[in-house]
$ cat query_35.cif   # mmCIF, C-alpha atoms and all ligand atoms
data_protein
loop_
_atom_site.label_atom_id
_atom_site.label_comp_id
_atom_site.auth_asym_id
_atom_site.auth_seq_id
_atom_site.Cartn_x
_atom_site.Cartn_y
_atom_site.Cartn_z
CA MET A 1055 6.00 8.66 -31.87
CA GLU A 1056 7.37 11.90 -33.23
CA GLU A 1057 11.09 11.71 -33.72
CA LYS A 1058 13.01 13.24 -30.81
CA SER A 1059 9.91 13.51 -28.60
CA LYS A 1060 10.54 12.67 -24.97
CA VAL A 1061 8.37 10.39 -22.88
CA CYS A 1062 8.29 10.02 -19.12
CA VAL A 1063 7.04 6.82 -17.45
CA THR A 1064 6.46 7.31 -13.74
CA GLY A 1065 6.74 4.04 -11.83
CA GLY A 1066 8.81 2.68 -14.68
CA SER A 1067 9.82 -0.44 -12.81
CA GLY A 1068 6.30 -1.84 -12.62
CA TYR A 1069 6.04 -3.41 -16.05
CA LYS A 1070 7.91 -3.38 -19.31
CA GLY A 1071 7.19 -0.49 -21.63
CA HIS A 1072 8.57 2.05 -24.06
CA ILE A 1073 10.66 4.22 -21.81
CA VAL A 1074 12.86 7.26 -22.16
CA HIS A 1075 12.61 8.91 -18.75
CA ALA A 1076 11.62 6.47 -15.99
CA THR A 1077 11.11 7.26 -12.31
CA LEU A 1078 11.79 5.06 -9.30
CA ARG A 1079 11.65 5.89 -5.62
CA ASN A 1080 15.09 4.48 -4.96
CA LEU A 1081 17.93 4.57 -7.48
CA ASP A 1082 19.98 2.39 -5.13
CA ASP A 1083 17.54 -0.49 -5.58
CA THR A 1084 19.85 -2.59 -7.72
CA SER A 1085 17.25 -5.20 -8.66
CA LYS A 1086 14.91 -2.63 -10.23
CA VAL A 1087 17.65 -0.45 -11.72
CA GLY A 1088 19.44 -3.50 -13.13
CA LEU A 1089 16.22 -4.77 -14.70
CA LEU A 1090 15.50 -1.45 -16.38
CA LYS A 1091 19.04 -1.06 -17.65
CA SER A 1092 18.92 -4.56 -19.12
CA VAL A 1093 16.02 -3.60 -21.41
CA PRO A 1094 17.27 -3.76 -25.03
CA ASN A 1095 18.46 -0.36 -26.31
CA ALA A 1096 18.38 1.13 -22.82
CA VAL A 1097 21.90 2.45 -23.15
CA GLY A 1098 21.69 6.04 -24.33
CA ARG A 1099 17.89 6.05 -24.43
CA LEU A 1100 16.89 5.39 -20.86
CA VAL A 1101 17.36 8.02 -18.17
CA LEU A 1102 16.42 7.12 -14.60
CA PHE A 1103 15.17 9.64 -12.06
CA GLN A 1104 14.48 9.29 -8.36
CA ALA A 1105 11.04 10.65 -7.45
CA ASP A 1106 8.33 9.97 -4.90
CA ILE A 1107 4.72 10.96 -5.52
CA TYR A 1108 4.54 12.46 -2.06
CA ASN A 1109 7.29 14.92 -3.03
CA PRO A 1110 5.85 16.17 -6.34
CA CYS A 1111 8.72 18.58 -7.03
CA GLU A 1112 11.02 15.60 -7.45
CA PHE A 1113 9.21 14.85 -10.73
CA GLU A 1114 10.13 18.20 -12.34
CA PRO A 1115 13.24 17.04 -14.22
CA ALA A 1116 11.66 13.70 -15.19
CA ILE A 1117 8.50 15.21 -16.69
CA ASP A 1118 10.37 17.71 -18.80
CA CYS A 1119 8.86 15.76 -21.73
CA GLN A 1120 6.09 15.98 -24.26
CA PHE A 1121 4.20 12.99 -22.91
CA VAL A 1122 3.83 11.52 -19.45
CA PHE A 1123 2.60 7.99 -18.82
CA HIS A 1124 1.64 8.30 -15.16
CA VAL A 1125 1.87 4.65 -14.14
CA ALA A 1126 3.23 5.01 -10.59
CA ILE A 1127 0.78 4.02 -7.92
CA PRO A 1128 1.48 4.33 -4.20
CA MET A 1129 -0.08 1.40 -2.37
CA VAL A 1130 0.30 3.09 1.03
CA PRO A 1131 -2.08 6.01 1.58
CA ASN A 1132 -0.66 9.41 2.45
CA THR A 1133 -2.37 12.72 3.06
CA HIS A 1134 -0.01 14.80 0.90
CA SER A 1135 -1.38 15.96 -2.43
CA SER A 1136 0.49 15.71 -5.71
CA GLN A 1137 0.46 18.29 -8.49
CA CYS A 1138 1.68 17.32 -11.92
CA THR A 1139 1.34 20.11 -14.45
CA ARG A 1140 1.72 20.67 -18.23
CA ILE A 1141 1.92 18.33 -21.16
CA ARG A 1142 -0.12 15.40 -22.38
CA LEU A 1143 -0.86 12.91 -19.70
CA LYS A 1144 -1.80 9.25 -20.27
CA LEU A 1145 -2.96 7.38 -17.22
CA PRO A 1146 -3.66 3.70 -16.78
CA CYS A 1147 -6.66 3.72 -14.45
CA TRP A 1148 -8.50 0.87 -12.84
CA VAL A 1149 -11.67 -0.45 -14.44
CA MET A 1150 -12.99 -1.02 -10.89
CA ALA A 1151 -13.64 2.73 -10.84
CA SER A 1152 -16.16 2.24 -13.68
CA SER A 1153 -18.72 -0.11 -12.17
CA PRO A 1154 -21.98 -0.46 -14.11
CA LEU A 1155 -23.87 -0.90 -10.79
CA ASN A 1156 -26.81 1.48 -10.50
CA GLN A 1157 -25.99 4.38 -8.21
CA ASP A 1158 -28.67 3.28 -5.72
CA GLY A 1159 -27.06 -0.17 -5.56
CA THR A 1160 -30.03 -1.96 -7.14
CA GLY A 1161 -28.60 -4.20 -9.85
CA PHE A 1162 -26.53 -3.51 -12.96
CA LYS A 1163 -26.89 -1.41 -16.07
CA SER A 1164 -26.81 -3.58 -19.17
CA SER A 1165 -23.22 -2.62 -19.99
CA LEU A 1166 -20.05 -1.19 -18.48
CA ASP A 1167 -18.89 1.80 -20.53
CA GLU A 1168 -17.13 5.14 -20.18
CA SER A 1169 -20.20 6.76 -18.56
CA CYS A 1170 -20.04 4.42 -15.54
CA TRP A 1171 -18.62 5.41 -12.15
CA THR A 1172 -18.42 3.11 -9.15
CA PRO A 1173 -20.84 3.98 -6.34
CA LEU A 1174 -18.58 4.47 -3.33
CA ASP A 1175 -21.10 4.63 -0.50
CA PHE A 1176 -21.91 0.93 -0.32
CA SER A 1177 -20.16 -1.95 1.33
CA TYR A 1178 -19.45 -4.90 -0.92
CA ASN A 1179 -19.43 -8.58 0.07
CA TYR A 1180 -15.94 -9.28 -1.29
CA GLY A 1181 -14.29 -5.92 -0.58
CA ASP A 1182 -11.90 -5.35 2.31
CA GLU A 1183 -10.29 -2.18 3.62
CA PHE A 1184 -7.39 -2.35 1.17
CA THR A 1185 -9.29 -3.21 -2.03
CA MET A 1186 -12.06 -0.71 -1.31
CA GLY A 1187 -9.53 2.01 -0.37
CA TYR A 1188 -7.68 1.36 -3.64
CA THR A 1189 -10.91 1.43 -5.66
CA LYS A 1190 -12.04 4.64 -3.97
CA SER A 1191 -8.73 6.42 -4.51
CA LYS A 1192 -8.59 5.38 -8.19
CA THR A 1193 -12.19 6.54 -8.73
CA LEU A 1194 -11.67 9.95 -7.12
CA ALA A 1195 -8.28 10.46 -8.81
CA GLU A 1196 -9.63 9.63 -12.28
CA LYS A 1197 -12.61 11.97 -11.93
CA GLU A 1198 -10.35 14.75 -10.69
CA ILE A 1199 -7.74 14.43 -13.43
CA LEU A 1200 -10.38 14.24 -16.17
CA SER A 1201 -11.79 17.56 -14.95
CA TYR A 1202 -8.54 19.21 -16.12
CA ASN A 1203 -9.59 18.55 -19.73
CA ASP A 1204 -12.40 21.07 -19.20
CA VAL A 1205 -10.11 23.88 -18.17
CA GLU A 1206 -9.99 26.28 -21.08
CA ASN A 1207 -6.47 26.77 -22.42
CA GLY A 1208 -5.40 24.35 -19.74
CA LYS A 1209 -1.87 23.06 -19.57
CA LEU A 1210 -2.96 19.45 -19.61
CA GLU A 1211 -4.41 17.13 -22.19
CA VAL A 1212 -5.59 14.05 -20.36
CA VAL A 1213 -6.40 10.52 -21.51
CA THR A 1214 -7.42 8.01 -18.84
CA LEU A 1215 -7.37 4.31 -19.67
CA PRO A 1216 -9.39 2.31 -17.15
CA CYS A 1217 -7.62 -1.01 -17.61
CA ALA A 1218 -9.07 -4.45 -17.00
CA LEU A 1219 -7.14 -6.99 -14.93
CA VAL A 1220 -3.74 -7.19 -16.65
CA GLY A 1221 -2.32 -10.57 -17.68
CA ALA A 1222 1.49 -10.83 -17.80
CA GLY A 1223 3.47 -11.73 -20.91
CA GLY A 1224 4.78 -15.29 -21.17
CA ASP A 1225 8.23 -13.76 -21.76
CA THR A 1226 8.12 -11.44 -18.76
CA VAL A 1227 11.39 -10.01 -17.50
CA LEU A 1228 9.98 -9.69 -13.98
CA SER A 1229 11.30 -11.97 -11.24
CA TYR A 1230 7.91 -12.19 -9.51
CA LEU A 1231 4.34 -12.87 -10.60
CA PRO A 1232 2.50 -9.53 -10.73
CA THR A 1233 -0.43 -9.24 -8.33
CA SER A 1234 -2.93 -8.87 -11.15
CA THR A 1235 -1.76 -12.09 -12.82
CA ASN A 1236 -2.01 -13.83 -9.45
CA VAL A 1237 -5.65 -12.75 -9.34
CA ILE A 1238 -6.33 -14.02 -12.87
CA LEU A 1239 -4.81 -17.41 -12.03
CA SER A 1240 -6.27 -17.73 -8.54
CA GLN A 1241 -8.56 -20.60 -9.55
CA LEU A 1242 -5.49 -22.51 -10.72
CA THR A 1243 -3.13 -21.63 -7.89
CA GLY A 1244 -5.74 -22.02 -5.15
CA LYS A 1245 -4.80 -18.68 -3.56
CA LEU A 1246 -7.94 -17.65 -1.76
CA TYR A 1247 -6.94 -14.02 -1.07
CA ALA A 1248 -6.39 -13.50 -4.81
CA PHE A 1249 -9.69 -15.20 -5.63
CA ARG A 1250 -11.49 -12.76 -3.29
CA ALA A 1251 -10.20 -9.93 -5.52
CA LEU A 1252 -11.58 -11.73 -8.59
CA GLN A 1253 -14.92 -12.07 -6.83
CA LEU A 1254 -14.91 -8.37 -5.93
CA LEU A 1255 -14.19 -7.57 -9.57
CA GLN A 1256 -17.25 -9.50 -10.68
CA GLU A 1257 -19.39 -8.16 -7.82
CA LEU A 1258 -18.60 -4.60 -8.95
CA LEU A 1259 -18.33 -5.01 -12.70
CA GLY A 1260 -20.73 -7.86 -13.44
CA SER A 1261 -17.87 -9.86 -15.06
CA GLY A 1262 -14.08 -10.17 -14.88
CA PRO A 1263 -12.65 -8.03 -17.71
CA LEU A 1264 -9.10 -8.96 -18.81
CA VAL A 1265 -6.38 -7.44 -21.00
CA HIS A 1266 -2.85 -8.50 -21.97
CA VAL A 1267 0.07 -6.34 -20.80
CA ASP A 1268 1.35 -5.97 -24.39
CA ASP A 1269 -2.01 -4.53 -25.43
CA VAL A 1270 -1.85 -2.15 -22.45
CA CYS A 1271 1.54 -0.92 -23.69
CA GLU A 1272 0.25 -0.66 -27.26
CA VAL A 1273 -2.81 1.32 -26.23
CA HIS A 1274 -0.67 3.91 -24.43
CA ILE A 1275 1.41 4.41 -27.56
CA PHE A 1276 -1.74 4.46 -29.70
CA CYS A 1277 -3.13 7.30 -27.57
CA MET A 1278 0.16 9.16 -27.80
CA ASP A 1279 0.13 8.93 -31.58
CA LYS A 1280 -3.45 10.26 -31.76
CA PRO A 1281 -3.34 13.77 -30.38
CA SER A 1282 -7.07 14.19 -31.01
CA LEU A 1283 -7.90 11.69 -28.27
CA LYS A 1284 -9.00 13.10 -24.95
CA GLY A 1285 -10.97 11.72 -22.03
CA LYS A 1286 -11.79 8.25 -20.78
CA PHE A 1287 -11.35 5.01 -22.75
CA ILE A 1288 -12.14 1.56 -21.31
CA CYS A 1289 -9.26 -0.84 -22.02
CA ALA A 1290 -10.46 -4.46 -21.88
CA ALA A 1291 -10.13 -7.20 -24.48
CA CYS A 1292 -12.68 -9.66 -23.08
CA ASP A 1293 -15.05 -10.04 -20.14
CA PRO A 1294 -15.37 -13.64 -18.93
CA THR A 1295 -17.24 -14.40 -15.74
CA ILE A 1296 -15.54 -16.36 -12.97
CA ARG A 1297 -17.59 -19.38 -14.00
CA GLU A 1298 -16.50 -19.04 -17.63
CA MET A 1299 -12.87 -18.80 -16.52
CA VAL A 1300 -13.04 -21.95 -14.42
CA ASP A 1301 -14.80 -23.80 -17.25
CA TYR A 1302 -11.92 -22.77 -19.53
CA TYR A 1303 -9.30 -23.92 -17.00
CA ARG A 1304 -10.99 -27.29 -16.53
CA LYS A 1305 -11.19 -27.86 -20.24
CA SER A 1306 -7.67 -26.66 -21.02
CA TYR A 1307 -5.80 -28.04 -18.00
CA PRO A 1308 -7.63 -31.30 -17.16
CA ASP A 1309 -4.89 -32.45 -14.79
CA LEU A 1310 -5.67 -29.56 -12.51
CA GLU A 1311 -8.18 -29.87 -9.73
CA THR A 1312 -10.31 -26.86 -8.91
CA SER A 1313 -12.00 -27.04 -5.53
CA GLU A 1314 -15.64 -26.07 -5.14
CA GLU A 1315 -14.89 -22.85 -3.26
CA PHE A 1316 -13.15 -21.46 -6.37
CA LEU A 1317 -16.14 -21.80 -8.65
CA GLY A 1318 -17.80 -18.54 -7.67
CA VAL A 1319 -21.48 -18.05 -7.11
CA LEU A 1320 -21.94 -14.80 -9.00
CA ASP A 1321 -23.78 -14.73 -12.31
CA ARG A 1322 -22.99 -12.29 -15.10
CA GLY A 1323 -24.38 -8.89 -14.14
CA SER A 1324 -23.30 -6.84 -17.14
CA ILE A 1325 -21.21 -6.88 -20.29
CA CYS A 1326 -18.07 -4.79 -20.77
CA ASN A 1327 -18.42 -2.47 -23.76
CA ASN A 1328 -14.92 -1.83 -25.12
CA ALA A 1329 -16.11 -0.26 -28.41
CA LYS A 1330 -14.93 3.33 -27.90
CA LEU A 1331 -11.20 2.62 -28.29
CA MET A 1332 -11.83 0.29 -31.21
CA GLU A 1333 -14.01 2.86 -32.98
CA ASP A 1334 -10.96 5.11 -32.82
CA GLY A 1335 -8.94 2.40 -34.55
CA PHE A 1336 -7.31 0.41 -31.74
CA GLU A 1337 -7.10 -3.37 -32.25
CA TYR A 1338 -6.50 -5.81 -29.42
CA LYS A 1339 -3.98 -8.50 -30.33
CA TYR A 1340 -4.79 -10.82 -27.42
CA GLY A 1341 -8.13 -12.42 -26.56
CA MET A 1342 -9.02 -14.44 -23.47
CA LYS A 1343 -7.26 -17.64 -24.59
CA MET A 1344 -3.93 -15.89 -25.23
CA ILE A 1345 -4.15 -13.76 -22.08
CA ILE A 1346 -4.66 -16.86 -19.94
CA GLU A 1347 -2.06 -18.96 -21.78
CA ASP A 1348 0.59 -16.24 -21.40
CA SER A 1349 -0.28 -15.75 -17.72
CA VAL A 1350 0.04 -19.50 -17.16
CA GLU A 1351 3.36 -19.54 -19.02
CA CYS A 1352 4.63 -16.65 -16.90
CA ALA A 1353 3.54 -18.39 -13.68
CA ARG A 1354 5.20 -21.62 -14.77
CA ARG A 1355 8.48 -19.91 -15.58
CA LEU A 1356 8.46 -18.27 -12.16
CA GLY A 1357 7.70 -21.57 -10.45
CA VAL A 1358 4.26 -20.48 -9.21
CA LEU A 1359 2.49 -23.18 -11.23
CA SER A 1360 3.69 -26.70 -11.71
CA SER A 1361 5.78 -26.95 -14.86
CA CYS A 1362 4.42 -30.43 -15.49
CA LEU A 1363 0.93 -29.06 -16.01
CA SER A 1364 0.04 -30.15 -19.53
CA SER A 1365 -0.42 -27.39 -22.09
CA PRO A 1366 -3.84 -26.72 -23.61
N1 LIG A 1401 -2.07 -4.56 -12.98
C1 LIG A 1401 -3.36 -4.39 -13.26
O1 LIG A 1401 -4.15 -5.36 -13.41
C2 LIG A 1401 -3.91 -3.01 -13.44
C3 LIG A 1401 -5.20 -2.90 -13.92
C4 LIG A 1401 -5.74 -1.65 -14.10
C5 LIG A 1401 -4.98 -0.54 -13.81
N2 LIG A 1401 -3.72 -0.67 -13.32
C6 LIG A 1401 -2.96 0.56 -13.02
O2 LIG A 1401 -1.73 0.55 -13.72
C7 LIG A 1401 -0.75 1.26 -12.95
C8 LIG A 1401 0.46 0.36 -12.76
O3 LIG A 1401 0.04 -0.85 -12.16
P1 LIG A 1401 1.06 -2.07 -11.97
O4 LIG A 1401 0.23 -3.27 -11.73
O5 LIG A 1401 2.07 -2.01 -13.05
O6 LIG A 1401 1.73 -1.64 -10.59
P2 LIG A 1401 3.14 -2.10 -9.97
O7 LIG A 1401 3.72 -3.22 -10.72
O8 LIG A 1401 2.88 -2.24 -8.50
O9 LIG A 1401 4.03 -0.80 -10.19
C9 LIG A 1401 3.75 0.36 -9.45
C10 LIG A 1401 4.88 1.36 -9.68
O10 LIG A 1401 4.53 2.52 -8.88
C11 LIG A 1401 5.73 3.01 -8.30
N3 LIG A 1401 5.42 3.65 -7.00
C12 LIG A 1401 4.81 3.11 -5.92
N4 LIG A 1401 4.71 4.02 -4.94
C13 LIG A 1401 5.26 5.18 -5.39
C14 LIG A 1401 5.47 6.47 -4.85
N5 LIG A 1401 5.10 6.79 -3.59
N6 LIG A 1401 6.10 7.41 -5.60
C15 LIG A 1401 6.51 7.11 -6.87
N7 LIG A 1401 6.34 5.90 -7.46
C16 LIG A 1401 5.72 4.94 -6.72
C17 LIG A 1401 6.63 1.81 -8.11
O11 LIG A 1401 7.92 2.29 -8.36
P3 LIG A 1401 9.21 1.98 -7.42
O12 LIG A 1401 8.79 0.97 -6.39
O13 LIG A 1401 10.25 1.49 -8.35
O14 LIG A 1401 9.57 3.31 -6.86
C18 LIG A 1401 6.22 0.86 -9.24
O15 LIG A 1401 7.09 0.94 -10.35
C19 LIG A 1401 -1.43 1.67 -11.66
O16 LIG A 1401 -1.89 2.99 -11.78
C20 LIG A 1401 -2.60 0.69 -11.55
O17 LIG A 1401 -3.66 1.20 -10.78
C21 LIG A 1401 -3.16 -1.88 -13.13
#
$ encode --input "query_35.cif" --output "structure tokens"
Amino acid sequence: MEEKSKVCVTGGSGYKGHIVHATLRNLDDTSKVGLLKSVPNAVGRLVLFQADIYNPCEFEPAIDCQFVFHVAIPMVPNTHSSQCTRIRLKLPCWVMASSPLNQDGTGFKSSLDESCWTPLDFSYNYGDEFTMGYTKSKTLAEKEILSYNDVENGKLEVVTLPCALVGAGGDTVLSYLPTSTNVILSQLTGKLYAFRALQLLQELLGSGPLVHVDDVCEVHIFCMDKPSLKGKFICAACDPTIREMVDYYRKSYPDLETSEEFLGVLDRGSICNNAKLMEDGFEYKYGMKMIIEDSVECARRLGVLSSCLSSP
């Protein structure tokens, strides 16, 4: 990071990160504000702003920066449109927008890569209104924002990072288990609604790509430090299938029982090709074993998984 450069993280309360300007919808939310202010070195370096995506002007003072990590994601749909302008924008996107399914719905391409876009006109066995609405909005938003890179002399330089399912850090500062980590651990926790999301992931992507939250943070900084980067970069460290995940759990946590309905019936449909980022020099620090172990550790600490579960 250039010395004295300013960075804005919209939705700064979602996960830990390298923050200078962070936005929240409600500065009176003491749990979120307290958490952010407790981050080491926050004093003097962290400035909090109140801003809602549906009132884009509220972001003006916050994005008076060189870089914006646009992390905020509204989970409730709204018809207003948002217009962020200027600067260099880094967006975590959702790998579910990059399905390697053929556009006519007949089977998979051999690999998931940056050229893939999820066909939106089909209904999927494991999708419901919420998950399909989320996938559709992330797909349309990513295509739209990438089109700004083509505008000659445009004010934006855009990098999108379609991220795999994110596993939490074992040392998380959050007081709750993030939804994505719940999905990763659904075969251990026995939460069927979360397992449905894992099944949808494999139905759309042909596997269940994963990445560790620390690598997600690192990749954002990596992209910031490389001004030559532009466009779409798949961010996934590994791509186990549901079956491979349950085999790993059974081997590593033998005292756990996994019921038949959590085994999954879907075979591998495709492989996730994560080469583009790595060809540019990015190295993932966490593979599948560490992602799962940290997620389990996080869930244990938060009391979601039994603490007497023996370690692998
Ligand atoms: N977790 C994953 O597995 C995963 C995978 C791929 C991509 N992603 C993407 O990564 C980004 C962050 O995901 P996450 O899992 O960290 O989400 P998260 O924990 O739910 O955080 C979402 C953030 O968005 C902010 N937000 C929600 N509605 C808003 C609104 N109307 N206006 C302004 N801010 C709003 C929230 O801020 P306040 O509530 O404090 O205002 C919150 O800090 C999203 O774009 C998501 O699609 C996540």
$ residues_near_ligand --input "query_35.cif" --ligand "ligand LIG 1401 (chain A)" --cutoff "8 Å" --atoms "only C-alpha atoms and all ligand atoms" --output "ChimeraX atom specification"
/A:1064-1069,1077-1080,1086,1104-1108,1124-1130,1145-1150,1192,1215-1221,1232-1235
$ closest_residue --input "query_35.cif" --among "A:Leu1331, A:Val1074, A:Lys1144, A:Tyr1188" --to "Phe1287 (chain A)" --atoms "only C-alpha atoms"
A:Leu1331
$ atom_distance --input "query_35.cif" --atom1 "CA of Lys1330 (chain A)" --atom2 "CA of Lys1280 (chain A)"
14.0 Å
$ atom_distance --input "query_35.cif" --atom1 "CA of Lys1245 (chain A)" --atom2 "CA of Lys1305 (chain A)"
20.1 Å
$ closest_residue --input "query_35.cif" --among "A:Phe1249, A:Phe1276, A:Phe1162, A:Tyr1303" --to "Glu1315 (chain A)" --atoms "only C-alpha atoms"
A:Phe1249
$ residues_around --input "query_35.cif" --residues "Leu1242 (chain A)" --least-positions-apart "6" --cutoff "10 Å" --atoms "all atoms listed in the file" --output "NGL selection string"
:A and (1236 or 1249 or 1300 or 1303-1304 or 1307 or 1310-1313 or 1316 or 1350 or 1359)
$ residues_around --input "query_35.cif" --residues "Phe1336 (chain A)" --least-positions-apart "3" --cutoff "12 Å" --atoms "only C-alpha atoms" --output "list of chain:residue names"
A:Asp1269, A:Val1270, A:Glu1272, A:Val1273, A:His1274, A:Ile1275, A:Phe1276, A:Cys1277, A:Asp1279, A:Lys1280, A:Leu1283, A:Phe1287, A:Ile1288, A:Cys1289, A:Ala1290, A:Ala1291, A:Asn1328, A:Ala1329, A:Lys1330, A:Leu1331, A:Met1332, A:Glu1333, A:Lys1339
$ closest_residue --input "query_35.cif" --among "A:Gly1187, A:Asp1158, A:Cys1292, A:Glu1198" --to "Met1344 (chain A)" --atoms "only C-alpha atoms"
A:Cys1292
$ axis_aligned_box --input "query_35.cif" --around "region 1253-1270 of chain A" --padding-each-side "5 Å" --output "lines of an AutoDock Vina configuration file"
center_x = -9.7
center_y = -7.1
center_z = -15.7
size_x = 32.1
size_y = 19.9
size_z = 29.5
$ residues_near_point --input "query_35.cif" --point "(3.9, -20.2, -15.2)" --cutoff "12 Å" --atoms "all atoms listed in the file" --output "NGL selection string"
:A and (1221-1226 or 1229-1232 or 1235-1236 or 1239 or 1242-1243 or 1346-1365)
$ write_last_selection --input "query_35.cif" --atoms "C-alpha atoms" --output "PDB file, in the coordinates of the input"
ATOM      1  CA  GLY A1221      -2.320 -10.570 -17.680  1.00  0.00           C
ATOM      2  CA  ALA A1222       1.490 -10.830 -17.800  1.00  0.00           C
ATOM      3  CA  GLY A1223       3.470 -11.730 -20.910  1.00  0.00           C
ATOM      4  CA  GLY A1224       4.780 -15.290 -21.170  1.00  0.00           C
ATOM      5  CA  ASP A1225       8.230 -13.760 -21.760  1.00  0.00           C
ATOM      6  CA  THR A1226       8.120 -11.440 -18.760  1.00  0.00           C
ATOM      7  CA  SER A1229      11.300 -11.970 -11.240  1.00  0.00           C
ATOM      8  CA  TYR A1230       7.910 -12.190  -9.510  1.00  0.00           C
ATOM      9  CA  LEU A1231       4.340 -12.870 -10.600  1.00  0.00           C
ATOM     10  CA  PRO A1232       2.500  -9.530 -10.730  1.00  0.00           C
ATOM     11  CA  THR A1235      -1.760 -12.090 -12.820  1.00  0.00           C
ATOM     12  CA  ASN A1236      -2.010 -13.830  -9.450  1.00  0.00           C
ATOM     13  CA  LEU A1239      -4.810 -17.410 -12.030  1.00  0.00           C
ATOM     14  CA  LEU A1242      -5.490 -22.510 -10.720  1.00  0.00           C
ATOM     15  CA  THR A1243      -3.130 -21.630  -7.890  1.00  0.00           C
ATOM     16  CA  ILE A1346      -4.660 -16.860 -19.940  1.00  0.00           C
ATOM     17  CA  GLU A1347      -2.060 -18.960 -21.780  1.00  0.00           C
ATOM     18  CA  ASP A1348       0.590 -16.240 -21.400  1.00  0.00           C
ATOM     19  CA  SER A1349      -0.280 -15.750 -17.720  1.00  0.00           C
ATOM     20  CA  VAL A1350       0.040 -19.500 -17.160  1.00  0.00           C
ATOM     21  CA  GLU A1351       3.360 -19.540 -19.020  1.00  0.00           C
ATOM     22  CA  CYS A1352       4.630 -16.650 -16.900  1.00  0.00           C
ATOM     23  CA  ALA A1353       3.540 -18.390 -13.680  1.00  0.00           C
ATOM     24  CA  ARG A1354       5.200 -21.620 -14.770  1.00  0.00           C
ATOM     25  CA  ARG A1355       8.480 -19.910 -15.580  1.00  0.00           C
ATOM     26  CA  LEU A1356       8.460 -18.270 -12.160  1.00  0.00           C
ATOM     27  CA  GLY A1357       7.700 -21.570 -10.450  1.00  0.00           C
ATOM     28  CA  VAL A1358       4.260 -20.480  -9.210  1.00  0.00           C
ATOM     29  CA  LEU A1359       2.490 -23.180 -11.230  1.00  0.00           C
ATOM     30  CA  SER A1360       3.690 -26.700 -11.710  1.00  0.00           C
ATOM     31  CA  SER A1361       5.780 -26.950 -14.860  1.00  0.00           C
ATOM     32  CA  CYS A1362       4.420 -30.430 -15.490  1.00  0.00           C
ATOM     33  CA  LEU A1363       0.930 -29.060 -16.010  1.00  0.00           C
ATOM     34  CA  SER A1364       0.040 -30.150 -19.530  1.00  0.00           C
ATOM     35  CA  SER A1365      -0.420 -27.390 -22.090  1.00  0.00           C
TER      36      SER A1365
END
$ atom_distance --input "query_35.cif" --atom1 "CA of Ser1164 (chain A)" --atom2 "CA of Tyr1202 (chain A)"
29.4 Å
$ closest_residue --input "query_35.cif" --among "A:Leu1081, A:Ala1195, A:Ile1345, A:Ala1151" --to "Leu1166 (chain A)" --atoms "only C-alpha atoms"
A:Ala1151
$ closest_residue --input "query_35.cif" --among "A:Asp1082, A:Asp1182, A:Asp1268, A:Glu1112" --to "Tyr1247 (chain A)" --atoms "all atoms listed in the file"
A:Asp1182
